[in-house]
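Note: the block below is target-v4.cif and it holds mmCIF, C-alpha atoms, pLDDT in the B column; chains and numbers go by the auth columns.
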```cif
data_data
#
loop_
_atom_site.group_PDB
_atom_site.id
_atom_site.type_symbol
_atom_site.label_atom_id
_atom_site.label_comp_id
_atom_site.label_asym_id
_atom_site.label_seq_id
_atom_site.Cartn_x
_atom_site.Cartn_y
_atom_site.Cartn_z
_atom_site.B_iso_or_equiv
_atom_site.auth_seq_id
_atom_site.auth_asym_id
ATOM 1 C CA GLY A 1 -50.997 -44.006 -106.947 53.00 90 N
ATOM 2 C CA GLU A 2 -48.307 -41.973 -108.587 61.00 91 N
ATOM 3 C CA ASP A 3 -44.816 -43.217 -109.305 84.00 92 N
ATOM 4 C CA VAL A 4 -42.045 -41.200 -110.933 89.00 93 N
ATOM 5 C CA GLU A 5 -38.823 -42.827 -112.119 91.00 94 N
ATOM 6 C CA GLN A 6 -35.480 -41.262 -113.002 94.00 95 N
ATOM 7 C CA SER A 7 -31.972 -42.562 -113.498 90.00 96 N
ATOM 8 C CA LEU A 8 -29.746 -41.624 -110.568 91.00 97 N
ATOM 9 C CA PHE A 9 -26.645 -40.245 -112.292 95.00 98 N
ATOM 10 C CA LEU A 10 -25.685 -38.517 -115.544 96.00 99 N
ATOM 11 C CA SER A 11 -22.139 -37.471 -116.415 97.00 100 N
ATOM 12 C CA VAL A 12 -21.499 -35.040 -119.287 97.00 101 N
ATOM 13 C CA ARG A 13 -18.608 -32.953 -120.550 97.00 102 N
ATOM 14 C CA GLU A 14 -18.745 -29.201 -120.105 97.00 103 N
ATOM 15 C CA GLY A 15 -20.202 -27.628 -123.239 97.00 104 N
ATOM 16 C CA ASP A 16 -22.134 -30.755 -124.277 97.00 105 N
ATOM 17 C CA SER A 17 -25.903 -31.173 -123.972 97.00 106 N
ATOM 18 C CA SER A 18 -27.373 -33.018 -120.992 97.00 107 N
ATOM 19 C CA VAL A 19 -30.575 -35.022 -121.337 97.00 108 N
ATOM 20 C CA ILE A 20 -32.315 -36.100 -118.138 98.00 109 N
ATOM 21 C CA ASN A 21 -35.172 -38.567 -118.495 96.00 110 N
ATOM 22 C CA CYS A 22 -38.223 -39.291 -116.366 95.00 111 N
ATOM 23 C CA THR A 23 -41.193 -41.628 -116.577 93.00 112 N
ATOM 24 C CA TYR A 24 -44.416 -41.172 -114.660 89.00 113 N
ATOM 25 C CA THR A 25 -47.533 -43.236 -114.120 84.00 114 N
ATOM 26 C CA ASP A 26 -50.399 -40.859 -113.353 76.00 115 N
ATOM 27 C CA SER A 27 -52.081 -40.210 -116.710 71.00 116 N
ATOM 28 C CA SER A 28 -54.324 -37.574 -115.121 72.00 117 N
ATOM 29 C CA SER A 29 -51.392 -35.264 -114.357 67.00 118 N
ATOM 30 C CA THR A 30 -52.029 -31.930 -116.070 73.00 119 N
ATOM 31 C CA TYR A 31 -48.678 -30.328 -115.284 84.00 120 N
ATOM 32 C CA LEU A 32 -45.234 -31.863 -114.948 90.00 121 N
ATOM 33 C CA TYR A 33 -42.317 -30.031 -113.374 93.00 122 N
ATOM 34 C CA TRP A 34 -38.540 -29.946 -113.279 96.00 123 N
ATOM 35 C CA TYR A 35 -36.786 -28.720 -110.137 97.00 124 N
ATOM 36 C CA LYS A 36 -33.071 -28.206 -109.496 97.00 125 N
ATOM 37 C CA GLN A 37 -31.443 -28.725 -106.091 97.00 126 N
ATOM 38 C CA GLU A 38 -27.878 -27.642 -105.414 95.00 127 N
ATOM 39 C CA PRO A 39 -26.022 -29.092 -102.389 90.00 128 N
ATOM 40 C CA GLY A 40 -27.466 -27.884 -99.097 86.00 129 N
ATOM 41 C CA ALA A 41 -30.141 -25.786 -100.793 90.00 130 N
ATOM 42 C CA GLY A 42 -33.895 -25.861 -101.383 91.00 131 N
ATOM 43 C CA LEU A 43 -35.602 -26.660 -104.674 95.00 132 N
ATOM 44 C CA GLN A 44 -35.492 -24.192 -107.543 95.00 133 N
ATOM 45 C CA LEU A 45 -38.292 -24.394 -110.098 94.00 134 N
ATOM 46 C CA LEU A 46 -36.732 -24.683 -113.558 95.00 135 N
ATOM 47 C CA THR A 47 -39.729 -25.185 -115.812 94.00 136 N
ATOM 48 C CA TYR A 48 -43.049 -26.942 -116.205 91.00 137 N
ATOM 49 C CA ILE A 49 -45.037 -28.296 -119.122 90.00 138 N
ATOM 50 C CA PHE A 50 -48.757 -28.689 -119.648 85.00 139 N
ATOM 51 C CA SER A 51 -49.841 -32.202 -120.581 82.00 140 N
ATOM 52 C CA ASN A 52 -51.369 -31.151 -123.913 82.00 141 N
ATOM 53 C CA MET A 53 -47.997 -29.792 -125.071 87.00 142 N
ATOM 54 C CA ASP A 54 -45.210 -31.936 -126.455 91.00 143 N
ATOM 55 C CA MET A 55 -42.370 -29.431 -126.241 94.00 144 N
ATOM 56 C CA LYS A 56 -41.433 -26.309 -124.355 94.00 145 N
ATOM 57 C CA GLN A 57 -38.242 -24.293 -124.770 95.00 146 N
ATOM 58 C CA ASP A 58 -36.850 -21.732 -122.370 92.00 147 N
ATOM 59 C CA GLN A 59 -33.350 -20.445 -123.172 95.00 148 N
ATOM 60 C CA ARG A 60 -30.956 -23.396 -122.662 96.00 149 N
ATOM 61 C CA LEU A 61 -33.738 -25.684 -121.420 97.00 150 N
ATOM 62 C CA THR A 62 -35.937 -27.849 -123.638 97.00 151 N
ATOM 63 C CA VAL A 63 -38.656 -30.072 -122.188 97.00 152 N
ATOM 64 C CA LEU A 64 -40.089 -32.900 -124.285 96.00 153 N
ATOM 65 C CA LEU A 65 -43.237 -34.752 -123.279 94.00 154 N
ATOM 66 C CA ASN A 66 -44.445 -38.027 -124.766 92.00 155 N
ATOM 67 C CA LYS A 67 -47.815 -38.430 -123.125 89.00 156 N
ATOM 68 C CA LYS A 68 -48.522 -41.789 -124.765 89.00 157 N
ATOM 69 C CA ASP A 69 -45.388 -43.318 -123.225 90.00 158 N
ATOM 70 C CA LYS A 70 -45.597 -41.116 -120.076 90.00 159 N
ATOM 71 C CA HIS A 71 -42.020 -39.997 -120.730 93.00 160 N
ATOM 72 C CA LEU A 72 -40.623 -36.572 -119.902 94.00 161 N
ATOM 73 C CA SER A 73 -37.146 -35.279 -120.650 96.00 162 N
ATOM 74 C CA LEU A 74 -35.133 -32.169 -119.839 97.00 163 N
ATOM 75 C CA ARG A 75 -32.375 -31.113 -122.214 98.00 164 N
ATOM 76 C CA ILE A 76 -29.799 -28.588 -121.036 98.00 165 N
ATOM 77 C CA ALA A 77 -27.813 -27.115 -123.910 98.00 166 N
ATOM 78 C CA ASP A 78 -24.161 -26.069 -123.484 97.00 167 N
ATOM 79 C CA THR A 79 -23.895 -27.582 -120.000 97.00 168 N
ATOM 80 C CA GLN A 80 -21.843 -25.488 -117.573 96.00 169 N
ATOM 81 C CA THR A 81 -20.240 -26.275 -114.215 95.00 170 N
ATOM 82 C CA GLY A 82 -23.008 -24.273 -112.538 95.00 171 N
ATOM 83 C CA ASP A 83 -25.507 -26.828 -113.831 97.00 172 N
ATOM 84 C CA SER A 84 -24.060 -29.445 -111.495 97.00 173 N
ATOM 85 C CA ALA A 85 -26.952 -30.353 -109.174 97.00 174 N
ATOM 86 C CA ILE A 86 -29.704 -32.893 -108.593 97.00 175 N
ATOM 87 C CA TYR A 87 -32.642 -32.571 -110.980 98.00 176 N
ATOM 88 C CA PHE A 88 -36.074 -33.746 -109.853 97.00 177 N
ATOM 89 C CA CYS A 89 -38.992 -34.532 -112.092 95.00 178 N
ATOM 90 C CA ALA A 90 -42.345 -34.077 -110.324 93.00 179 N
ATOM 91 C CA GLU A 91 -46.025 -34.531 -111.001 88.00 180 N
ATOM 92 C CA SER A 92 -48.988 -33.171 -109.112 81.00 181 N
ATOM 93 C CA ALA A 93 -51.300 -35.585 -107.352 67.00 182 N
ATOM 94 C CA ASN A 94 -54.038 -33.695 -109.222 60.00 183 N
ATOM 95 C CA SER A 95 -57.065 -34.616 -107.167 57.00 184 N
ATOM 96 C CA GLY A 96 -58.929 -31.902 -109.074 55.00 185 N
ATOM 97 C CA GLY A 97 -59.507 -29.813 -106.011 57.00 186 N
ATOM 98 C CA GLY A 98 -56.366 -27.712 -106.264 63.00 187 N
ATOM 99 C CA ALA A 99 -53.483 -27.536 -103.776 78.00 188 N
ATOM 100 C CA ASP A 100 -52.211 -31.074 -104.230 82.00 189 N
ATOM 101 C CA GLY A 101 -48.806 -32.246 -103.158 87.00 190 N
ATOM 102 C CA LEU A 102 -46.100 -33.130 -105.639 90.00 191 N
ATOM 103 C CA THR A 103 -44.708 -36.616 -106.165 90.00 192 N
ATOM 104 C CA PHE A 104 -41.023 -36.462 -106.988 94.00 193 N
ATOM 105 C CA GLY A 105 -38.739 -38.842 -108.800 95.00 194 N
ATOM 106 C CA LYS A 106 -35.615 -39.952 -106.959 95.00 195 N
ATOM 107 C CA GLY A 107 -33.585 -37.237 -108.674 96.00 196 N
ATOM 108 C CA THR A 108 -30.799 -37.355 -111.248 97.00 197 N
ATOM 109 C CA HIS A 109 -27.382 -36.195 -110.105 97.00 198 N
ATOM 110 C CA LEU A 110 -25.809 -34.283 -113.029 97.00 199 N
ATOM 111 C CA ILE A 111 -22.024 -34.449 -112.935 96.00 200 N
ATOM 112 C CA ILE A 112 -20.023 -32.129 -115.186 96.00 201 N
ATOM 113 C CA GLN A 113 -16.627 -33.231 -116.445 93.00 202 N
ATOM 114 C CA PRO A 114 -14.189 -30.422 -117.346 87.00 203 N
ATOM 115 C CA ASP B 1 -41.041 -11.876 -106.113 62.00 5 A
ATOM 116 C CA THR B 2 -41.176 -15.660 -105.813 67.00 6 A
ATOM 117 C CA GLU B 3 -39.498 -15.918 -102.437 91.00 7 A
ATOM 118 C CA VAL B 4 -40.399 -18.274 -99.648 96.00 8 A
ATOM 119 C CA THR B 5 -38.387 -17.745 -96.473 97.00 9 A
ATOM 120 C CA GLN B 6 -37.762 -20.284 -93.726 97.00 10 A
ATOM 121 C CA THR B 7 -36.284 -19.929 -90.247 97.00 11 A
ATOM 122 C CA PRO B 8 -34.130 -21.147 -88.722 97.00 12 A
ATOM 123 C CA LYS B 9 -31.700 -22.393 -91.371 96.00 13 A
ATOM 124 C CA HIS B 10 -30.303 -25.010 -89.006 97.00 14 A
ATOM 125 C CA LEU B 11 -31.706 -26.503 -85.802 97.00 15 A
ATOM 126 C CA VAL B 12 -30.278 -28.996 -83.341 96.00 16 A
ATOM 127 C CA MET B 13 -32.634 -30.339 -80.712 94.00 17 A
ATOM 128 C CA GLY B 14 -32.812 -33.068 -78.119 92.00 18 A
ATOM 129 C CA MET B 15 -35.564 -35.645 -78.031 91.00 19 A
ATOM 130 C CA THR B 16 -37.310 -33.901 -75.132 90.00 20 A
ATOM 131 C CA ASN B 17 -37.243 -30.399 -76.624 91.00 21 A
ATOM 132 C CA LYS B 18 -40.082 -28.430 -78.178 95.00 22 A
ATOM 133 C CA LYS B 19 -39.203 -26.239 -81.148 96.00 23 A
ATOM 134 C CA SER B 20 -40.942 -24.633 -84.106 97.00 24 A
ATOM 135 C CA LEU B 21 -40.051 -24.147 -87.758 98.00 25 A
ATOM 136 C CA LYS B 22 -41.376 -21.061 -89.525 98.00 26 A
ATOM 137 C CA CYS B 23 -42.201 -20.339 -93.143 98.00 27 A
ATOM 138 C CA GLU B 24 -43.359 -17.091 -94.745 98.00 28 A
ATOM 139 C CA GLN B 25 -44.416 -15.965 -98.215 97.00 29 A
ATOM 140 C CA HIS B 26 -45.807 -12.680 -99.549 92.00 30 A
ATOM 141 C CA MET B 27 -46.903 -13.818 -102.997 93.00 31 A
ATOM 142 C CA GLY B 28 -50.579 -13.926 -102.081 92.00 32 A
ATOM 143 C CA HIS B 29 -50.552 -17.720 -102.312 93.00 33 A
ATOM 144 C CA ARG B 30 -53.366 -19.466 -100.445 93.00 34 A
ATOM 145 C CA ALA B 31 -51.812 -22.945 -100.364 94.00 35 A
ATOM 146 C CA MET B 32 -48.798 -23.841 -98.256 96.00 36 A
ATOM 147 C CA TYR B 33 -46.980 -27.138 -97.886 96.00 37 A
ATOM 148 C CA TRP B 34 -44.508 -28.953 -95.653 97.00 38 A
ATOM 149 C CA TYR B 35 -42.179 -31.565 -97.134 97.00 39 A
ATOM 150 C CA LYS B 36 -39.539 -33.702 -95.458 98.00 40 A
ATOM 151 C CA GLN B 37 -36.358 -34.603 -97.332 97.00 41 A
ATOM 152 C CA LYS B 38 -33.930 -37.201 -96.003 96.00 42 A
ATOM 153 C CA ALA B 39 -30.364 -37.231 -97.281 93.00 43 A
ATOM 154 C CA LYS B 40 -30.043 -38.406 -100.894 89.00 44 A
ATOM 155 C CA LYS B 41 -33.826 -38.851 -101.178 94.00 45 A
ATOM 156 C CA PRO B 42 -36.590 -36.851 -102.865 95.00 46 A
ATOM 157 C CA PRO B 43 -38.900 -34.603 -100.828 96.00 47 A
ATOM 158 C CA GLU B 44 -41.947 -36.302 -99.358 96.00 48 A
ATOM 159 C CA LEU B 45 -45.182 -34.465 -98.699 95.00 49 A
ATOM 160 C CA MET B 46 -46.222 -34.074 -95.047 97.00 50 A
ATOM 161 C CA PHE B 47 -49.034 -31.491 -94.924 96.00 51 A
ATOM 162 C CA VAL B 48 -51.019 -29.188 -97.189 94.00 52 A
ATOM 163 C CA TYR B 49 -52.918 -26.096 -96.081 95.00 53 A
ATOM 164 C CA SER B 50 -55.479 -24.569 -98.401 92.00 54 A
ATOM 165 C CA TYR B 51 -57.061 -21.243 -97.396 93.00 55 A
ATOM 166 C CA GLU B 52 -55.516 -21.643 -93.935 95.00 56 A
ATOM 167 C CA LYS B 53 -57.221 -25.002 -93.380 94.00 57 A
ATOM 168 C CA LEU B 54 -55.431 -28.344 -93.226 94.00 58 A
ATOM 169 C CA SER B 55 -56.462 -30.228 -96.342 90.00 59 A
ATOM 170 C CA ILE B 56 -53.904 -33.043 -96.541 89.00 60 A
ATOM 171 C CA ASN B 57 -52.092 -34.892 -93.742 91.00 61 A
ATOM 172 C CA GLU B 58 -49.967 -37.710 -95.114 91.00 62 A
ATOM 173 C CA SER B 59 -50.254 -39.853 -91.966 90.00 63 A
ATOM 174 C CA VAL B 60 -47.559 -37.847 -90.220 95.00 64 A
ATOM 175 C CA PRO B 61 -46.850 -38.755 -86.549 95.00 65 A
ATOM 176 C CA SER B 62 -48.458 -36.442 -84.004 95.00 66 A
ATOM 177 C CA ARG B 63 -45.060 -35.263 -82.766 96.00 67 A
ATOM 178 C CA PHE B 64 -45.230 -32.977 -85.847 97.00 68 A
ATOM 179 C CA SER B 65 -47.976 -30.390 -85.481 97.00 69 A
ATOM 180 C CA PRO B 66 -48.600 -27.885 -88.292 97.00 70 A
ATOM 181 C CA GLU B 67 -50.234 -24.505 -87.866 97.00 71 A
ATOM 182 C CA CYS B 68 -51.271 -21.841 -90.358 97.00 72 A
ATOM 183 C CA PRO B 69 -52.000 -18.664 -88.353 96.00 73 A
ATOM 184 C CA ASN B 70 -52.653 -16.532 -91.455 95.00 74 A
ATOM 185 C CA SER B 71 -52.363 -16.681 -95.228 92.00 75 A
ATOM 186 C CA SER B 72 -48.666 -15.716 -95.212 96.00 76 A
ATOM 187 C CA LEU B 73 -47.337 -17.878 -92.403 98.00 77 A
ATOM 188 C CA LEU B 74 -46.921 -21.590 -91.831 98.00 78 A
ATOM 189 C CA ASN B 75 -45.422 -23.173 -88.737 98.00 79 A
ATOM 190 C CA LEU B 76 -44.358 -26.696 -87.897 98.00 80 A
ATOM 191 C CA HIS B 77 -44.264 -27.426 -84.166 98.00 81 A
ATOM 192 C CA LEU B 78 -41.931 -30.201 -83.088 97.00 82 A
ATOM 193 C CA HIS B 79 -42.128 -32.164 -79.857 95.00 83 A
ATOM 194 C CA ALA B 80 -40.512 -35.394 -78.651 94.00 84 A
ATOM 195 C CA LEU B 81 -38.797 -36.044 -81.968 95.00 85 A
ATOM 196 C CA GLN B 82 -36.673 -39.080 -82.717 96.00 86 A
ATOM 197 C CA PRO B 83 -33.186 -39.158 -84.291 96.00 87 A
ATOM 198 C CA GLU B 84 -34.731 -40.593 -87.474 96.00 88 A
ATOM 199 C CA ASP B 85 -36.667 -37.322 -87.860 97.00 89 A
ATOM 200 C CA SER B 86 -33.393 -35.575 -88.723 97.00 90 A
ATOM 201 C CA ALA B 87 -33.865 -34.204 -92.244 97.00 91 A
ATOM 202 C CA LEU B 88 -34.257 -31.084 -94.366 97.00 92 A
ATOM 203 C CA TYR B 89 -37.753 -29.640 -93.887 98.00 93 A
ATOM 204 C CA LEU B 90 -38.959 -27.735 -96.902 97.00 94 A
ATOM 205 C CA CYS B 91 -41.846 -25.304 -97.087 98.00 95 A
ATOM 206 C CA ALA B 92 -43.567 -24.444 -100.365 96.00 96 A
ATOM 207 C CA SER B 93 -46.451 -22.249 -101.465 95.00 97 A
ATOM 208 C CA SER B 94 -48.724 -21.984 -104.495 92.00 98 A
ATOM 209 C CA GLN B 95 -51.992 -20.572 -105.673 88.00 99 A
ATOM 210 C CA VAL B 96 -55.063 -22.764 -105.336 85.00 100 A
ATOM 211 C CA LEU B 97 -56.429 -23.723 -108.751 73.00 101 A
ATOM 212 C CA ALA B 98 -57.761 -26.937 -110.206 61.00 102 A
ATOM 213 C CA GLY B 99 -55.002 -28.244 -112.434 56.00 103 A
ATOM 214 C CA GLY B 100 -53.651 -24.901 -113.559 59.00 104 A
ATOM 215 C CA PRO B 101 -50.096 -23.536 -113.837 60.00 105 A
ATOM 216 C CA GLY B 102 -50.882 -21.346 -110.876 59.00 106 A
ATOM 217 C CA GLU B 103 -50.516 -24.440 -108.730 79.00 107 A
ATOM 218 C CA THR B 104 -46.791 -24.308 -109.407 87.00 108 A
ATOM 219 C CA GLN B 105 -45.085 -24.663 -106.055 92.00 109 A
ATOM 220 C CA TYR B 106 -42.258 -22.391 -104.969 93.00 110 A
ATOM 221 C CA PHE B 107 -39.931 -23.743 -102.314 96.00 111 A
ATOM 222 C CA GLY B 108 -38.026 -22.142 -99.481 96.00 112 A
ATOM 223 C CA PRO B 109 -34.370 -22.980 -98.715 95.00 113 A
ATOM 224 C CA GLY B 110 -35.363 -25.396 -95.958 97.00 114 A
ATOM 225 C CA THR B 111 -34.498 -25.931 -92.310 97.00 115 A
ATOM 226 C CA ARG B 112 -31.878 -28.579 -91.675 97.00 116 A
ATOM 227 C CA LEU B 113 -32.897 -30.371 -88.498 97.00 117 A
ATOM 228 C CA LEU B 114 -30.699 -32.625 -86.395 97.00 118 A
ATOM 229 C CA VAL B 115 -32.285 -34.555 -83.528 96.00 119 A
ATOM 230 C CA LEU B 116 -29.854 -35.886 -80.925 94.00 120 A
#
```
Mind turning this structure into structure tokens?
Amino acid sequence: GEDVEQSLFLSVREGDSSVINCTYTDSSSTYLYWYKQEPGAGLQLLTYIFSNMDMKQDQRLTVLLNKKDKHLSLRIADTQTGDSAIYFCAESANSGGGADGLTFGKGTHLIIQP
Amino acid sequence: DTEVTQTPKHLVMGMTNKKSLKCEQHMGHRAMYWYKQKAKKPPELMFVYSYEKLSINESVPSRFSPECPNSSLLNLHLHALQPEDSALYLCASSQVLAGGPGETQYFGPGTRLLVL
């Protein structure tokens, strides 16, 4: 089965870069996702990466994928107070038939210091 | 438009009540999902509907009964719930493709349920 691991907390200074790490176990995953959840809210899709890519950049967000080590990271440049949230890494169960559920990591709580 | 709407936002119910949660999307997605999220935990998959048919049931107790009346709507009927069922219930939708980016799931804001 799938298992996704993340560290629970990350504290950074405002203006610095944040790097949130994730490891996963399902080598058949074709897409990996990052979601953001603010307090009391639903999940906001931030970005995704295809498993044959090793990097994807989207404005302040950079995703790095090391498929050999099954390691995924999300870098947020110039971290702002509005980035304070829980960040979930997720992989699709990928049964091959489409419409699979997502398996989420436990989430990393990003704390911004002024 | 990548919006998934859910009603109600908050719900308080007793253990003998019957209530329903509603979810709607107008993105033309043919897959819809229910997840349950307990406090300080990640979402956990409950049900998946694909082309209005139940395709995945993650061994959810029968006091939760999903329904997909059409391609835009998804309901979750609740009956005889327990206090431990209190959680945030999240709906999501996606296209139905085999391993493609179209499977990206878009989530609603959730219904926060409290069972007394």
Legend entry - Selection dump of the PyMOL selection byres ((chain A and resi 113) around 10), as a PyMOL selection string: (chain N and resi 126+129-133) or (chain A and resi 7-11+13+27+92-96+111-112+114-116)
Inset, instruction - Could you jot down the atom CA of N:Cys178 to atom CA of N:Arg149 separation for me, Å, one decimal place? - result: 17.3 Å
Taking the file as I've supplied it (selection: the PyMOL selection byres ((chain A) within 10 of (chain N))), which residues are included? Please answer as a short mmCIF file (atom, residue, chain, number, x, y, z; two decimals) with C-alpha atoms, in the coordinates of the input.
```cif
data_model
loop_
_atom_site.label_atom_id
_atom_site.label_comp_id
_atom_site.auth_asym_id
_atom_site.auth_seq_id
_atom_site.Cartn_x
_atom_site.Cartn_y
_atom_site.Cartn_z
CA ARG A 34 -53.37 -19.47 -100.44
CA ALA A 35 -51.81 -22.94 -100.36
CA MET A 36 -48.80 -23.84 -98.26
CA TYR A 37 -46.98 -27.14 -97.89
CA TRP A 38 -44.51 -28.95 -95.65
CA TYR A 39 -42.18 -31.56 -97.13
CA GLN A 41 -36.36 -34.60 -97.33
CA ALA A 43 -30.36 -37.23 -97.28
CA LYS A 44 -30.04 -38.41 -100.89
CA LYS A 45 -33.83 -38.85 -101.18
CA PRO A 46 -36.59 -36.85 -102.86
CA PRO A 47 -38.90 -34.60 -100.83
CA GLU A 48 -41.95 -36.30 -99.36
CA LEU A 49 -45.18 -34.47 -98.70
CA MET A 50 -46.22 -34.07 -95.05
CA PHE A 51 -49.03 -31.49 -94.92
CA VAL A 52 -51.02 -29.19 -97.19
CA TYR A 53 -52.92 -26.10 -96.08
CA SER A 54 -55.48 -24.57 -98.40
CA TYR A 55 -57.06 -21.24 -97.40
CA SER A 59 -56.46 -30.23 -96.34
CA ILE A 60 -53.90 -33.04 -96.54
CA GLU A 62 -49.97 -37.71 -95.11
CA LEU A 92 -34.26 -31.08 -94.37
CA TYR A 93 -37.75 -29.64 -93.89
CA LEU A 94 -38.96 -27.74 -96.90
CA CYS A 95 -41.85 -25.30 -97.09
CA ALA A 96 -43.57 -24.44 -100.36
CA SER A 97 -46.45 -22.25 -101.46
CA SER A 98 -48.72 -21.98 -104.50
CA GLN A 99 -51.99 -20.57 -105.67
CA VAL A 100 -55.06 -22.76 -105.34
CA LEU A 101 -56.43 -23.72 -108.75
CA ALA A 102 -57.76 -26.94 -110.21
CA GLY A 103 -55.00 -28.24 -112.43
CA GLY A 104 -53.65 -24.90 -113.56
CA PRO A 105 -50.10 -23.54 -113.84
CA GLY A 106 -50.88 -21.35 -110.88
CA GLU A 107 -50.52 -24.44 -108.73
CA THR A 108 -46.79 -24.31 -109.41
CA GLN A 109 -45.08 -24.66 -106.06
CA TYR A 110 -42.26 -22.39 -104.97
CA PHE A 111 -39.93 -23.74 -102.31
CA GLY A 112 -38.03 -22.14 -99.48
CA PRO A 113 -34.37 -22.98 -98.72
CA GLY A 114 -35.36 -25.40 -95.96
CA THR A 115 -34.50 -25.93 -92.31
CA ARG A 116 -31.88 -28.58 -91.68
#
```
Inset, instruction - Starting from the shown file, work through the PyMOL selection byres ((chain N and resi 143) around 12) and note down what comes out as an MDAnalysis selection string. - result: chainID N and resid 120:121 137:142 144:146 151:162
Inset, instruction - Using all atoms listed in the file, pick whichever of N:Ala166, N:Leu150, N:Leu135, N:Leu199 has the shortest atom-to-atom distance to N:Ser106. - result: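 Smallest separation from N:Ser106 among the options: N:Ala166.
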Inset, instruction - Calculate how many Å separate atom CA of A:Leu120 from atom CA of A:Ser69, rounding to one decimal. - result: 19.5 Å
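One finds atom CA of N:Ser107 at 21.2 Å from atom CA of N:Glu180.
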Inset, instruction - Point out the residue among N:Leu163, N:Pro128, N:Asp92, N:Ile200 with the least atom-to-atom distance to N:Ser116, counting all atoms listed in the file. - result: N:Asp92
Inset, instruction - Have a look at N:Ile165, N:Ala174, N:Ile201, N:Cys111 and name the one nearest to N:Glu94; count all atoms listed in the file. - result: N:Cys111
